[in-house]
Structures are given as structure tokens and as C-alpha cells.
Amino acid sequence: TFIQIAVLVILVSYCLDIVGPFLSILIWGLVLAVAIHPLHTRLAATLGGNEKLAATLITVIGLAIVIIPGWLATESIISSITAFAQAAKSGSLQIPPPNENVADWPLIGERVYQTWSAASVNLAETVNSFEPSPREASLWLVGKIGSLLSGLLAFGVSVIIAGISGLYAKSGYKASCNLATRISPQRGRDLVDVSIATIRSVTNGVLGVAVIQAVLAGIGLAVMGVPHGGIITVIVLITSIIQVPALLIIVPVVFWVFSFAAAVPATIFAVYMLIVALSDNVLKPILLGRGVDLPAAIVLIGAIGGMIQYGVIGLFLGAVILGLGYTIISDWMQSDSDESSATEAA
């Protein structure tokens, strides 16, 4: 028995080493496959039961949704940086002096006004006074853009994996139930169903809320005529997905709008954008608890804790793991309670 277990452990460890470089992509693909399977089923039924065509359409649309906005945002960022660098190098870049109202901003107004005023007089000297230096900041920004492009590529591969996995949903579900039954003979299928429901709940409660926030923020930016509103909207979407408060992006934009807009429109814009930034506090508890037989707090804590530990993919892994743990422990406690009741009755 010891030799069998040792050989099994060694084999599994080597398998994990081999698939390690692709593990995050595979996990993302499976998570997306589970999340979009209801859509795949409905689309296949609409197309007369043609699952391959449905999978192809979902894959193509998914790639378009992921790659096109990401590429446009990256290109826009690179173009803006290039234009800024060329203008700064030629000396044609000028920063207009700030409005006197900037100094009245709470907490940061005086400091922002002084820095802005100095930049309007001598931009090069002001920029060189910052830490890190412009060269170091440029190298850091180039690295982040490279990471963004590699992340888009990896996510695109995950979308392809999700589309292909939709063709094997039934066999995959059966295999998952067989494996789970080996672990828990009485509740194996229930554990698989809990995992599926939790993934879809997190998809609605995290990705869904992020999309809602980004769309509402984009509408407000467009109505107010804020420059580069599309880029800011994409940033709001990304920060919402990774559970960084949207306030960190929206508040600076609101302060900037107050520097040039009239008081009434700027105030209305500020109230609207603050409501958008705080809307996730209301939407997440509602959407995270739908369609899953788990307390919303368990799903929310698992998603946030998983994200802190394992990154964005931890949103799903954390919620699934904590949900399974909660289910198993609850069943164990309930079985002990039932046994005690039976003993007392006897």
C-alpha cells in the first residue's frame, strides 16, 4: 500500500510540473466553460442542436470581446504616451495653470495646486523632481504594457479552451461526479453541483457587477465630455474585477472635472460617479447569493480571500473551495446531530 501511494504521489507531482506553465490558462478555460455553459446550451438549441456551431460562435464572440477592446486600449495608451514624450522632448508641451478653485479641494487641494502651478511654469524641472525618475517610470510602464498584452493573449487562449470544453460538457460533468463520488460517496454529485453554482454565482456577482459599474461610469464620462473616457472606463472595469475600489479611479477624475467645469454640472457628475463607485456594495451581496445554496457571505469571503491569495483566478477558486468546505462541514455536523437524535430516541 505504501509503495502504491508513493508511486501515485510521484506520478501526480510530475503531472503537475508538466502542466504547471499552462495551469492558470486551463483553470480559466474551465471556469469560463462552466460559466457560459447555459448560454452554449440555449444557443445550440436555437441553432437546431448544432453544438459545434454554437461553440464556434461563442469562441469567436468571446475573442472579439477580449482582444478588440484590450488591443484598442493598449494602442491608445501607447499613442498617448508617445505623443506626450515627443511633445516633452520638443519643448512644445505646455501645462495650463490651474484654476484657483483647485486650492480649495479638501485635503489635497493646496499640494495639487502648488505642483500644478510649478508644472505650468517649468514642466521639465517639476517632472525631474518626482521619484521615481521619468526613465524608471517609463521602464515600469513598458513592463506593465507587456504584462497586459501577455495577459490578453493568455485569456484569449482560455476563451478558446472554454469554447472547446463546451462540446464535452456532459462527459466532463460525468467524470467530475465520478471523481467526487470517490471522495464523498454520499454527496459527490452534490459537491460538483455546488461548485458549478458557485462559479456561476461569482461570475454574476463579480464580473457582472464590474461590467455594470464600467458601463455606468462610461455613460457619466461621455455625458460630461471627459477626455480619454474610454480608457478610464476600461481601467474601472479592470479594477472592479480585481476587487480594487473604483473610488481610487473615480475620485481623481471628479476632482479634475471640478477644476474646469461649472459648479452645478460638476456637483451632479460627482454625486452620480460616487453612486456608481459605491454601487458594488449593494449589488455584490445580491448577485453573489443567487442560484447557489450557500450563504452570500461565504461566497463573498471566499471570492475576496481567494483573490488576495491567488490573484484574479482566486475569485473563483476561493469561493468554490470555501463553499465546498462549508458544505462538507455542515453535512458532517448534521450527520452527527442526526446520529445523536437517533441514539437518544433509542
# chains A, B, ... in the order shown; residues from 1 in each chain; ligands from 1
>>> residues_around(residues="segment 229-238 of chain A", least_positions_apart="3", cutoff="7 Å", atoms="only C-alpha atoms", output="list in words")
Ala73, Ala210, Val211, Ala214, Ala217, Gly218, Leu221, Ala222, Val226, Ile241, Ile242, Ala246 and Ile249 of chain A
>>> residues_around(residues="Ala303 of chain A", least_positions_apart="3", cutoff="12 Å", atoms="only C-alpha atoms", output="ChimeraX atom specification")
/A:198-199,201-203,205-207,241-243,284-285,288,296-300,306-323
>>> atom_distance(atom1="atom CA of Val157 of chain A", atom2="atom CA of Leu191 of chain A")
28.0 Å
>>> closest_residue(among="A:Val282, A:Ser195, A:Trp256, A:Ser117", to="Gly325 of chain A", atoms="only C-alpha atoms")
A:Ser195
>>> atom_distance(atom1="atom CA of Ala55 of chain A", atom2="atom CA of Gly163 of chain A")
5.1 Å
>>> closest_residue(among="A:Ala162, A:Leu26, A:Leu63, A:Ala118", to="His40 of chain A", atoms="only C-alpha atoms")
A:Ala162
>>> closest_residue(among="A:Val257, A:Leu152, A:Val264, A:Leu274", to="Ile67 of chain A", atoms="only C-alpha atoms")
A:Leu152
>>> select_by_dssp(residues="segment 191-222 of chain A", states="alpha helix (DSSP H)", output="PyMOL selection string")
chain A and resi 191-202+209-222
>>> write_last_selection(atoms="N, CA and C atoms", output="compact mmCIF listing (two decimals), in the first residue's frame")
# COMPACT_ATOMS: atom_id res chain seq x y z
N LEU A 191 -21.60 17.92 -4.40
CA LEU A 191 -20.43 18.79 -4.33
C LEU A 191 -20.09 19.37 -5.70
N VAL A 192 -20.22 18.57 -6.73
CA VAL A 192 -19.98 19.07 -8.09
C VAL A 192 -21.00 20.16 -8.43
N ASP A 193 -22.27 19.93 -8.08
CA ASP A 193 -23.31 20.92 -8.37
C ASP A 193 -23.06 22.22 -7.59
N VAL A 194 -22.59 22.09 -6.35
CA VAL A 194 -22.28 23.29 -5.56
C VAL A 194 -21.14 24.07 -6.22
N SER A 195 -20.12 23.37 -6.72
CA SER A 195 -19.00 24.04 -7.37
C SER A 195 -19.47 24.79 -8.62
N ILE A 196 -20.31 24.14 -9.42
CA ILE A 196 -20.81 24.77 -10.64
C ILE A 196 -21.63 26.01 -10.31
N ALA A 197 -22.54 25.87 -9.34
CA ALA A 197 -23.40 27.00 -8.97
C ALA A 197 -22.58 28.15 -8.39
N THR A 198 -21.52 27.82 -7.64
CA THR A 198 -20.69 28.87 -7.05
C THR A 198 -19.93 29.63 -8.12
N ILE A 199 -19.39 28.93 -9.11
CA ILE A 199 -18.68 29.60 -10.20
C ILE A 199 -19.61 30.58 -10.92
N ARG A 200 -20.82 30.13 -11.20
CA ARG A 200 -21.76 31.00 -11.91
C ARG A 200 -22.21 32.16 -11.03
N SER A 201 -22.31 31.92 -9.73
CA SER A 201 -22.68 32.99 -8.81
C SER A 201 -21.60 34.06 -8.76
N VAL A 202 -20.32 33.63 -8.72
CA VAL A 202 -19.21 34.58 -8.70
C VAL A 202 -19.14 35.33 -10.03
N VAL A 209 -21.07 42.66 -11.82
CA VAL A 209 -21.03 43.97 -11.15
C VAL A 209 -19.97 44.86 -11.78
N ALA A 210 -18.81 44.28 -12.14
CA ALA A 210 -17.75 45.07 -12.77
C ALA A 210 -18.21 45.66 -14.09
N VAL A 211 -18.92 44.86 -14.88
CA VAL A 211 -19.43 45.36 -16.16
C VAL A 211 -20.45 46.47 -15.93
N ILE A 212 -21.35 46.28 -14.96
CA ILE A 212 -22.36 47.30 -14.66
C ILE A 212 -21.69 48.61 -14.25
N GLN A 213 -20.71 48.51 -13.35
CA GLN A 213 -20.00 49.72 -12.91
C GLN A 213 -19.30 50.41 -14.07
N ALA A 214 -18.63 49.63 -14.91
CA ALA A 214 -17.89 50.21 -16.02
C ALA A 214 -18.83 50.91 -17.01
N VAL A 215 -19.97 50.28 -17.31
CA VAL A 215 -20.93 50.87 -18.25
C VAL A 215 -21.49 52.17 -17.69
N LEU A 216 -21.89 52.15 -16.42
CA LEU A 216 -22.44 53.37 -15.80
C LEU A 216 -21.38 54.47 -15.73
N ALA A 217 -20.15 54.09 -15.39
CA ALA A 217 -19.08 55.09 -15.35
C ALA A 217 -18.81 55.65 -16.74
N GLY A 218 -18.82 54.78 -17.76
CA GLY A 218 -18.60 55.25 -19.13
C GLY A 218 -19.68 56.23 -19.58
N ILE A 219 -20.93 55.97 -19.19
CA ILE A 219 -22.02 56.90 -19.54
C ILE A 219 -21.78 58.27 -18.91
N GLY A 220 -21.42 58.27 -17.63
CA GLY A 220 -21.16 59.55 -16.96
C GLY A 220 -20.00 60.30 -17.57
N LEU A 221 -18.93 59.60 -17.91
CA LEU A 221 -17.76 60.24 -18.52
C LEU A 221 -18.10 60.80 -19.90
N ALA A 222 -18.91 60.05 -20.66
CA ALA A 222 -19.28 60.51 -22.00
C ALA A 222 -20.17 61.75 -21.93
>>> residues_around(residues="Phe155 of chain A", least_positions_apart="4", cutoff="8 Å", atoms="only C-alpha atoms", output="ChimeraX atom specification")
/A:25,28,66,151,159
>>> write_last_selection(atoms="N, CA, C and O atoms", output="PDB file, in the first residue's frame")
ATOM      1  N   ILE A  25      -4.052  28.976 -17.306  1.00  0.00           N
ATOM      2  CA  ILE A  25      -4.854  29.089 -18.528  1.00  0.00           C
ATOM      3  C   ILE A  25      -5.933  28.008 -18.559  1.00  0.00           C
ATOM      4  O   ILE A  25      -7.090  28.269 -18.922  1.00  0.00           O
ATOM      5  N   TRP A  28      -8.673  28.874 -16.017  1.00  0.00           N
ATOM      6  CA  TRP A  28      -9.526  29.933 -16.549  1.00  0.00           C
ATOM      7  C   TRP A  28     -10.457  29.391 -17.617  1.00  0.00           C
ATOM      8  O   TRP A  28     -11.644  29.753 -17.689  1.00  0.00           O
ATOM      9  N   VAL A  66     -12.721  40.113 -25.847  1.00  0.00           N
ATOM     10  CA  VAL A  66     -11.493  40.202 -25.058  1.00  0.00           C
ATOM     11  C   VAL A  66     -10.405  40.970 -25.790  1.00  0.00           C
ATOM     12  O   VAL A  66      -9.782  41.890 -25.234  1.00  0.00           O
ATOM     13  N   GLY A 151      -1.212  38.983 -20.814  1.00  0.00           N
ATOM     14  CA  GLY A 151      -2.446  38.567 -20.145  1.00  0.00           C
ATOM     15  C   GLY A 151      -3.607  38.449 -21.114  1.00  0.00           C
ATOM     16  O   GLY A 151      -4.412  37.517 -21.020  1.00  0.00           O
ATOM     17  N   VAL A 159     -10.293  31.470 -23.560  1.00  0.00           N
ATOM     18  CA  VAL A 159     -11.596  31.537 -24.237  1.00  0.00           C
ATOM     19  C   VAL A 159     -11.731  30.399 -25.249  1.00  0.00           C
ATOM     20  O   VAL A 159     -12.784  29.765 -25.370  1.00  0.00           O
TER      21      VAL A 159
END
>>> atom_distance(atom1="atom CA of Val276 of chain A", atom2="atom CA of Ile304 of chain A")
20.1 Å
